[in-house]
>>> print(open('model.cif').read())   # mmCIF, C-alpha atoms
data_entry
loop_
_atom_site.label_atom_id
_atom_site.label_comp_id
_atom_site.auth_asym_id
_atom_site.auth_seq_id
_atom_site.Cartn_x
_atom_site.Cartn_y
_atom_site.Cartn_z
CA MET A 1206 -7.02 174.03 87.44
CA SER A 1207 -3.64 174.66 89.02
CA SER A 1208 -2.09 171.95 91.19
CA ALA A 1209 -2.42 174.29 94.21
CA SER A 1210 -6.18 174.73 93.80
CA ALA A 1211 -6.57 171.00 93.06
CA ARG A 1212 -5.14 170.30 96.52
CA GLN A 1213 -7.67 172.61 98.20
CA LYS A 1214 -10.61 170.25 98.17
CA THR A 1215 -14.00 171.25 99.53
CA VAL A 1216 -14.47 168.96 102.55
CA VAL A 1217 -18.10 167.90 103.01
CA VAL A 1218 -18.84 166.09 106.31
CA LEU A 1219 -21.66 163.54 105.93
CA GLY A 1220 -23.58 162.33 109.01
CA THR A 1221 -24.59 158.63 108.72
CA ALA A 1222 -25.72 156.48 111.70
CA THR A 1223 -24.52 153.77 114.11
CA PRO A 1224 -22.28 150.96 112.81
CA GLY A 1225 -24.11 147.88 111.55
CA GLY A 1226 -27.03 149.77 110.03
CA GLY A 1227 -27.80 150.64 106.42
CA PHE A 1228 -26.88 154.34 106.52
CA PRO A 1229 -23.11 153.89 107.07
CA VAL A 1230 -22.99 151.28 104.27
CA TYR A 1231 -24.68 153.72 101.90
CA GLY A 1232 -22.52 156.60 103.17
CA THR A 1233 -19.31 154.73 102.25
CA ALA A 1234 -20.56 153.95 98.72
CA TYR A 1235 -21.88 157.51 98.29
CA ALA A 1236 -18.69 159.23 99.49
CA SER A 1237 -16.33 157.06 97.45
CA THR A 1238 -18.45 157.57 94.31
CA LEU A 1239 -18.72 161.36 94.64
CA ASN A 1240 -15.03 161.72 95.50
CA GLU A 1241 -14.12 159.65 92.45
CA MET A 1242 -16.38 161.68 90.13
CA ASP A 1243 -15.19 165.11 91.31
CA ALA A 1244 -11.60 165.63 92.45
CA THR A 1245 -12.51 169.02 93.95
CA ILE A 1246 -14.68 167.58 96.73
CA SER A 1247 -13.95 165.27 99.64
CA VAL A 1248 -17.09 163.77 101.18
CA GLU A 1249 -16.18 162.37 104.62
CA PRO A 1250 -18.71 160.02 106.29
CA LYS A 1251 -19.06 160.28 110.06
CA ASN A 1252 -20.94 157.87 112.36
CA THR A 1253 -23.76 159.49 114.37
CA LYS A 1254 -26.80 158.19 116.24
CA GLY A 1255 -28.78 158.38 112.98
CA SER A 1256 -31.59 160.44 111.49
CA THR A 1257 -32.88 162.06 114.67
CA GLU A 1258 -29.40 163.32 115.61
CA ASN A 1259 -28.37 164.31 112.08
CA ILE A 1260 -31.10 166.95 111.77
CA PRO A 1261 -30.10 168.99 114.88
CA LEU A 1262 -26.42 168.56 113.91
CA LEU A 1263 -27.21 170.03 110.46
CA GLU A 1264 -29.12 172.90 112.09
CA ALA A 1265 -26.17 173.58 114.42
CA GLY A 1266 -23.71 173.59 111.49
CA LYS A 1267 -21.86 170.54 112.86
CA LEU A 1268 -22.49 168.53 109.68
CA ASP A 1269 -22.48 169.74 106.08
CA ILE A 1270 -24.87 167.05 104.87
CA GLY A 1271 -26.69 164.28 106.73
CA GLN A 1272 -28.80 161.23 106.06
CA ALA A 1273 -32.38 161.02 107.33
CA THR A 1274 -35.36 158.79 106.73
CA GLY A 1275 -38.45 160.28 105.09
CA GLU A 1276 -40.47 160.10 108.31
CA VAL A 1277 -37.89 161.99 110.39
CA THR A 1278 -37.57 164.58 107.61
CA TYR A 1279 -41.36 164.94 107.44
CA GLU A 1280 -41.59 165.56 111.21
CA ALA A 1281 -38.72 168.07 111.15
CA LEU A 1282 -40.11 170.06 108.20
CA GLN A 1283 -43.67 170.02 109.62
CA GLY A 1284 -42.49 170.96 113.11
CA ILE A 1285 -44.00 167.86 114.74
CA GLY A 1286 -42.74 167.66 118.33
CA ARG A 1287 -40.17 170.38 117.63
CA ALA A 1288 -39.67 173.74 115.90
CA LYS A 1289 -39.88 173.59 112.09
CA ALA A 1290 -36.48 172.80 110.58
CA ASP A 1291 -35.10 174.80 107.69
CA LEU A 1292 -33.34 172.15 105.62
CA ARG A 1293 -32.85 171.35 101.94
CA VAL A 1294 -32.77 168.07 100.00
CA ILE A 1295 -29.48 167.18 98.30
CA ASN A 1296 -30.63 163.83 96.95
CA ALA A 1297 -32.95 160.88 97.45
CA MET A 1298 -30.96 157.89 98.74
CA TYR A 1299 -33.29 154.92 98.38
CA SER A 1300 -36.75 153.72 99.27
CA ASN A 1301 -36.95 152.76 102.93
CA PHE A 1302 -39.70 150.47 104.13
CA GLY A 1303 -40.38 148.74 107.42
CA MET A 1304 -40.96 145.08 108.25
CA PHE A 1305 -39.92 142.44 110.76
CA VAL A 1306 -37.52 139.55 110.46
CA VAL A 1307 -37.97 136.50 112.72
CA ARG A 1308 -36.24 133.14 112.98
CA ALA A 1309 -37.62 130.63 110.50
CA ASP A 1310 -38.94 128.53 113.43
CA SER A 1311 -40.93 131.46 114.91
CA PRO A 1312 -44.68 130.84 115.19
CA ALA A 1313 -45.39 134.52 114.35
CA ARG A 1314 -46.90 135.23 110.91
CA THR A 1315 -48.47 138.68 111.26
CA PHE A 1316 -47.89 141.95 113.09
CA ALA A 1317 -50.70 141.02 115.50
CA ASP A 1318 -48.85 137.80 116.44
CA LEU A 1319 -45.96 139.90 117.78
CA GLU A 1320 -48.01 142.09 120.15
CA GLY A 1321 -46.67 141.93 123.69
CA GLN A 1322 -43.41 140.32 122.50
CA PRO A 1323 -39.86 141.69 122.97
CA ILE A 1324 -39.03 143.58 119.76
CA ALA A 1325 -35.63 144.99 118.75
CA TRP A 1326 -36.87 148.23 117.15
CA GLY A 1327 -33.37 149.48 116.33
CA ALA A 1328 -30.98 152.13 117.62
CA SER A 1329 -32.91 154.78 119.53
CA GLY A 1330 -31.86 157.57 117.15
CA SER A 1331 -32.75 155.56 114.06
CA GLY A 1332 -35.38 156.68 111.59
CA PHE A 1333 -36.63 153.08 111.54
CA VAL A 1334 -38.02 153.65 115.04
CA VAL A 1335 -39.94 156.72 113.81
CA LEU A 1336 -41.27 154.72 110.85
CA ALA A 1337 -42.41 151.97 113.25
CA ARG A 1338 -44.18 154.57 115.39
CA TYR A 1339 -46.21 155.79 112.39
CA VAL A 1340 -46.98 152.31 111.03
CA PHE A 1341 -48.23 150.99 114.37
CA ASP A 1342 -50.04 154.20 115.25
CA GLY A 1343 -52.03 153.63 112.05
CA LEU A 1344 -53.00 150.24 113.48
CA GLY A 1345 -54.00 151.75 116.82
CA LEU A 1346 -50.90 150.43 118.59
CA ASP A 1347 -48.06 152.04 120.52
CA ILE A 1348 -44.60 150.52 119.95
CA ASN A 1349 -43.63 151.07 123.60
CA ARG A 1350 -46.91 150.15 125.29
CA ASP A 1351 -48.18 147.26 123.13
CA PHE A 1352 -44.82 145.52 122.70
CA SER A 1353 -41.85 144.95 124.97
CA PRO A 1354 -39.41 147.40 123.31
CA ILE A 1355 -35.66 146.89 123.00
CA TYR A 1356 -33.56 149.84 121.80
CA LEU A 1357 -30.05 149.05 120.62
CA GLU A 1358 -26.74 150.79 121.25
CA LYS A 1359 -25.96 150.13 117.59
CA ALA A 1360 -28.07 148.64 114.81
CA GLY A 1361 -25.68 145.72 114.32
CA ASP A 1362 -26.61 144.28 117.75
CA GLY A 1363 -30.13 143.29 116.66
CA PRO A 1364 -29.69 140.00 114.76
CA ALA A 1365 -27.89 138.25 117.67
CA MET A 1366 -30.77 139.15 120.02
CA VAL A 1367 -33.31 137.47 117.72
CA LEU A 1368 -31.08 134.48 117.04
CA ASP A 1369 -30.52 133.77 120.76
CA GLY A 1370 -34.15 134.42 121.71
CA ARG A 1371 -33.79 137.68 123.65
CA ALA A 1372 -36.00 139.34 121.01
CA ALA A 1373 -38.91 137.79 119.11
CA ALA A 1374 -38.27 139.96 116.04
CA LEU A 1375 -36.06 142.68 114.59
CA TRP A 1376 -37.63 145.69 112.86
CA GLY A 1377 -35.79 147.23 109.91
CA GLY A 1378 -35.99 147.62 106.17
CA GLY A 1379 -34.46 148.50 102.85
CA ILE A 1380 -33.01 146.15 100.27
CA GLY A 1381 -29.60 144.88 101.32
CA TRP A 1382 -30.10 146.08 104.92
CA PRO A 1383 -27.25 144.49 106.95
CA GLY A 1384 -29.43 143.30 109.86
CA PHE A 1385 -31.78 141.45 107.51
CA THR A 1386 -28.89 139.99 105.50
CA THR A 1387 -27.29 138.64 108.70
CA MET A 1388 -30.58 137.05 109.76
CA ALA A 1389 -31.31 135.59 106.31
CA LYS A 1390 -27.84 133.96 106.19
CA ALA A 1391 -28.00 132.57 109.74
CA PRO A 1392 -28.17 128.80 110.28
CA GLY A 1393 -31.83 127.77 110.26
CA GLY A 1394 -32.77 130.78 108.14
CA ALA A 1395 -35.23 133.58 108.74
CA ARG A 1396 -38.66 134.78 107.66
CA PHE A 1397 -40.05 138.25 107.00
CA ILE A 1398 -43.30 139.64 108.36
CA ALA A 1399 -44.79 142.60 106.49
CA PRO A 1400 -48.14 144.40 106.85
CA THR A 1401 -51.21 142.65 105.42
CA SER A 1402 -53.28 144.43 102.75
CA GLU A 1403 -55.78 145.34 105.49
CA ASP A 1404 -52.95 146.72 107.68
CA ILE A 1405 -51.75 148.83 104.75
CA LYS A 1406 -55.24 150.25 104.16
CA ARG A 1407 -55.61 151.23 107.82
CA VAL A 1408 -52.15 152.83 108.11
CA ARG A 1409 -52.50 154.84 104.89
CA ALA A 1410 -55.94 156.09 105.94
CA LYS A 1411 -54.21 157.84 108.86
CA HIS A 1412 -50.69 158.54 107.48
CA ASP A 1413 -50.95 159.00 103.73
CA PHE A 1414 -47.35 160.23 103.33
CA LEU A 1415 -46.30 156.58 103.73
CA THR A 1416 -46.25 154.87 100.34
CA LEU A 1417 -46.31 151.30 99.07
CA MET A 1418 -42.87 149.86 98.43
CA ASN A 1419 -42.03 146.55 96.83
CA VAL A 1420 -39.30 144.14 97.90
CA PRO A 1421 -38.64 141.92 94.86
CA ALA A 1422 -38.32 138.16 95.40
CA GLY A 1423 -34.70 137.19 96.02
CA SER A 1424 -33.77 140.51 97.65
CA TYR A 1425 -32.62 138.39 100.61
CA PRO A 1426 -31.46 134.76 100.79
CA GLY A 1427 -34.48 132.46 101.15
CA GLN A 1428 -37.03 135.18 100.25
CA ASP A 1429 -38.84 133.39 97.39
CA SER A 1430 -41.78 135.77 96.89
CA PRO A 1431 -42.13 139.56 96.62
CA ILE A 1432 -43.12 141.53 99.73
CA THR A 1433 -45.12 144.77 99.93
CA ALA A 1434 -44.34 147.14 102.80
CA LEU A 1435 -44.83 150.81 103.72
CA GLY A 1436 -42.23 153.54 103.80
CA SER A 1437 -40.72 156.57 102.08
CA TYR A 1438 -37.45 157.73 100.52
CA SER A 1439 -34.47 158.29 102.79
CA LEU A 1440 -32.69 161.52 101.92
CA VAL A 1441 -29.38 163.33 102.09
CA LEU A 1442 -30.15 166.77 103.56
CA SER A 1443 -28.24 169.99 104.15
CA ALA A 1444 -28.76 173.29 105.89
CA PRO A 1445 -29.72 176.08 103.44
CA SER A 1446 -26.32 177.67 104.22
CA LEU A 1447 -24.45 174.93 102.29
CA PRO A 1448 -22.88 176.93 99.43
CA GLU A 1449 -24.82 176.66 96.17
CA ASP A 1450 -21.68 175.69 94.27
CA THR A 1451 -20.99 172.80 96.68
CA ALA A 1452 -24.54 171.44 96.33
CA TYR A 1453 -24.25 171.80 92.53
CA ARG A 1454 -21.01 169.79 92.48
CA LEU A 1455 -22.51 167.06 94.71
CA ALA A 1456 -25.52 166.72 92.38
CA ARG A 1457 -23.32 166.69 89.28
CA ALA A 1458 -20.96 164.06 90.75
CA LEU A 1459 -23.86 161.82 91.81
CA HIS A 1460 -25.50 162.07 88.36
CA LYS A 1461 -22.20 161.38 86.63
CA GLY A 1462 -21.52 158.41 88.94
CA LYS A 1463 -24.99 156.86 88.95
CA SER A 1464 -23.81 153.55 87.45
CA VAL A 1465 -20.86 153.48 89.88
CA ILE A 1466 -22.97 153.89 93.04
CA ALA A 1467 -25.48 151.35 91.63
CA ALA A 1468 -22.64 148.81 91.38
CA ARG A 1469 -21.38 149.61 94.90
CA HIS A 1470 -24.66 149.56 96.83
CA ALA A 1471 -27.72 147.26 96.67
CA GLN A 1472 -30.07 150.26 96.35
CA GLY A 1473 -27.59 152.81 94.98
CA GLY A 1474 -29.36 152.77 91.63
CA GLU A 1475 -32.28 154.57 93.30
CA SER A 1476 -30.11 157.64 94.05
CA THR A 1477 -31.14 159.51 90.91
CA LEU A 1478 -32.06 163.15 90.28
CA GLU A 1479 -35.47 161.96 89.04
CA ASN A 1480 -36.16 160.20 92.37
CA THR A 1481 -34.90 163.28 94.21
CA LEU A 1482 -37.48 165.42 92.42
CA ALA A 1483 -40.21 162.84 93.16
CA ALA A 1484 -39.22 162.48 96.84
CA ALA A 1485 -39.34 166.23 97.63
CA ALA A 1486 -42.84 167.38 98.58
CA ARG A 1487 -42.12 170.72 96.80
CA PRO A 1488 -39.26 171.72 94.45
CA GLU A 1489 -38.30 174.60 96.77
CA LEU A 1490 -37.27 172.01 99.39
CA ILE A 1491 -34.46 170.95 97.04
CA HIS A 1492 -31.21 172.88 97.48
CA PRO A 1493 -30.90 175.68 94.85
CA GLY A 1494 -27.52 174.30 93.74
CA VAL A 1495 -29.09 170.90 93.06
CA LEU A 1496 -31.99 172.53 91.18
CA ARG A 1497 -29.50 174.45 89.05
CA TYR A 1498 -27.81 171.20 88.02
CA MET A 1499 -31.22 169.53 87.46
CA ARG A 1500 -32.13 172.33 85.02
CA GLU A 1501 -28.84 171.89 83.17
CA ALA A 1502 -29.40 168.13 82.97
CA GLY A 1503 -32.96 168.66 81.63
CA ILE A 1504 -34.61 167.01 84.66
CA PHE A 1505 -36.28 170.10 86.09
CA HIS A 1506 -37.76 172.95 84.04
#
>>> encode(input="model.cif", output="structure tokens")
Amino acid sequence: MSSASARQKTVVVLGTATPGGGFPVYGTAYASTLNEMDATISVEPKNTKGSTENIPLLEAGKLDIGQATGEVTYEALQGIGRAKADLRVINAMYSNFGMFVVRADSPARTFADLEGQPIAWGASGSGFVVLARYVFDGLGLDINRDFSPIYLEKAGDGPAMVLDGRAAALWGGGIGWPGFTTMAKAPGGARFIAPTSEDIKRVRAKHDFLTLMNVPAGSYPGQDSPITALGSYSLVLSAPSLPEDTAYRLARALHKGKSVIAARHAQGGESTLENTLAAAARPELIHPGVLRYMREAGIFH
């Protein structure tokens, strides 16, 4: 490669979410890893309102790639509450599950104990809010009607509201999620509230695209036992118009840098081509450039 062409990097704008949430943290680790693994690309993270804004921005060509939770992706591809989106999967990010964190001195122990209470559900554009809607719908509850909902300007505002008593609980998820880490490290400590086995049975009877996800003991300070929650894989998506060669280079750089992103991010080790294949409902939802690299790497036949 000549020095002139080396300077002409392919800029790839990545939509993340509001500061203080998990998506921007992942976006930084993802971009720095891919940029390190392939000198011809420059992935540039950009804060957005999150999953529900990233999808229309991708459709409008205002982002090259964007992060979205599995639930928001599912709704967009199925055309639930909107026209069907034509998007492609670049890679699975990590498993994303939903649960509450409360102060250690909170009397609440179950989801039912929090009914009617002020709940910080997250930033209004966040995929966590969509996940909450599905989980509680499966339990016959409405997150706006059966709780006192608080929607945040940015995800990072949530822990302070629980710590000072303005909110009874903060909803979120994912291993290493900043809001949960802040709560777990706060003076006095924190406690997690996840669905019971009966809750899980009821939710999955209605929304079977939600899967069981395990939070190993020690994922957060003071969390001595494993937790089971419900969720799906968060994804990096693109419009189908993203050039095949660009998608191919992104997939190749991520595969080459899998140990690097695993060292940089608590759940970065989940961003594998194998998980990408498993997370896509059908192979044709994966970008053709990514599939081409998967074939070369022997992951897809």
>>> resolve_selection(input="model.cif", expression="the PyMOL selection byres ((chain A and resi 1256) around 8)", output="PyMOL selection string")
chain A and resi 1221-1222+1254-1255+1257-1260+1271-1274+1277+1330-1332
>>> closest_residue(input="model.cif", among="A:Glu1280, A:Val1495, A:Arg1314, A:Gly1286", to="Pro1445 of chain A", atoms="all atoms listed in the file")
A:Val1495
>>> closest_residue(input="model.cif", among="A:Leu1282, A:Met1304, A:Leu1346, A:Met1499", to="His1460 of chain A", atoms="only C-alpha atoms")
A:Met1499
>>> closest_residue(input="model.cif", among="A:Phe1305, A:Trp1326, A:Phe1385, A:Phe1397", to="Ser1353 of chain A", atoms="all atoms listed in the file")
A:Trp1326
>>> residues_around(input="model.cif", residues="Asp1318 of chain A", least_positions_apart="5", cutoff="10 Å", atoms="all atoms listed in the file", output="PDB file with C-alpha atoms, in the frame of the given file")
ATOM      1  CA  PRO A1312     -44.680 130.840 115.190  1.00  0.00           C
ATOM      2  CA  ALA A1313     -45.390 134.520 114.350  1.00  0.00           C
ATOM      3  CA  ILE A1398     -43.300 139.640 108.360  1.00  0.00           C
TER       4      ILE A1398
END
>>> atom_distance(input="model.cif", atom1="atom CA of Tyr1231 of chain A", atom2="atom CA of Thr1401 of chain A")
29.0 Å
>>> resolve_selection(input="model.cif", expression="the PyMOL selection byres ((chain A and resi 1472-1486) around 10)", output="VMD selection string")
chain A and resid 1231 1234 to 1235 1275 1279 1293 to 1301 1379 to 1382 1414 1437 to 1441 1456 to 1457 1459 to 1460 1462 to 1471 1487 to 1491 1495 to 1496 1498 to 1499 1502 1504 to 1505
>>> resolve_selection(input="model.cif", expression="the PyMOL selection byres ((chain A and resi 1354) around 8)", output="PyMOL selection string")
chain A and resi 1323-1326+1348-1349+1352-1353+1355-1356
>>> residues_around(input="model.cif", residues="Gly1494 of chain A", least_positions_apart="5", cutoff="7 Å", atoms="all atoms listed in the file", output="ChimeraX atom specification")
/A:1449-1450,1452-1453
>>> closest_residue(input="model.cif", among="A:Glu1276, A:Asp1362, A:Asp1269, A:Glu1264", to="Ala1337 of chain A", atoms="only C-alpha atoms")
A:Glu1276
>>> atom_distance(input="model.cif", atom1="atom CA of Phe1316 of chain A", atom2="atom CA of Glu1358 of chain A")
24.3 Å
>>> closest_residue(input="model.cif", among="A:Thr1416, A:Arg1396, A:Val1216, A:Gly1225", to="Gly1384 of chain A", atoms="only C-alpha atoms")
A:Gly1225
>>> closest_residue(input="model.cif", among="A:Gly1266, A:Pro1261, A:Gly1232, A:Gly1423", to="Ala1288 of chain A", atoms="all atoms listed in the file")
A:Pro1261
>>> atom_distance(input="model.cif", atom1="atom CA of Val1230 of chain A", atom2="atom CA of Lys1461 of chain A")
20.3 Å
>>> residues_around(input="model.cif", residues="Leu1415 of chain A", least_positions_apart="6", cutoff="8 Å", atoms="all atoms listed in the file", output="ChimeraX atom specification")
/A:1409,1435-1437
>>> write_last_selection(input="model.cif", atoms="C-alpha atoms", output="CSV table (one decimal), in the coordinates of the input")
chain,number,residue,atom,x,y,z
A,1409,ARG,CA,-52.5,154.8,104.9
A,1435,LEU,CA,-44.8,150.8,103.7
A,1436,GLY,CA,-42.2,153.5,103.8
A,1437,SER,CA,-40.7,156.6,102.1
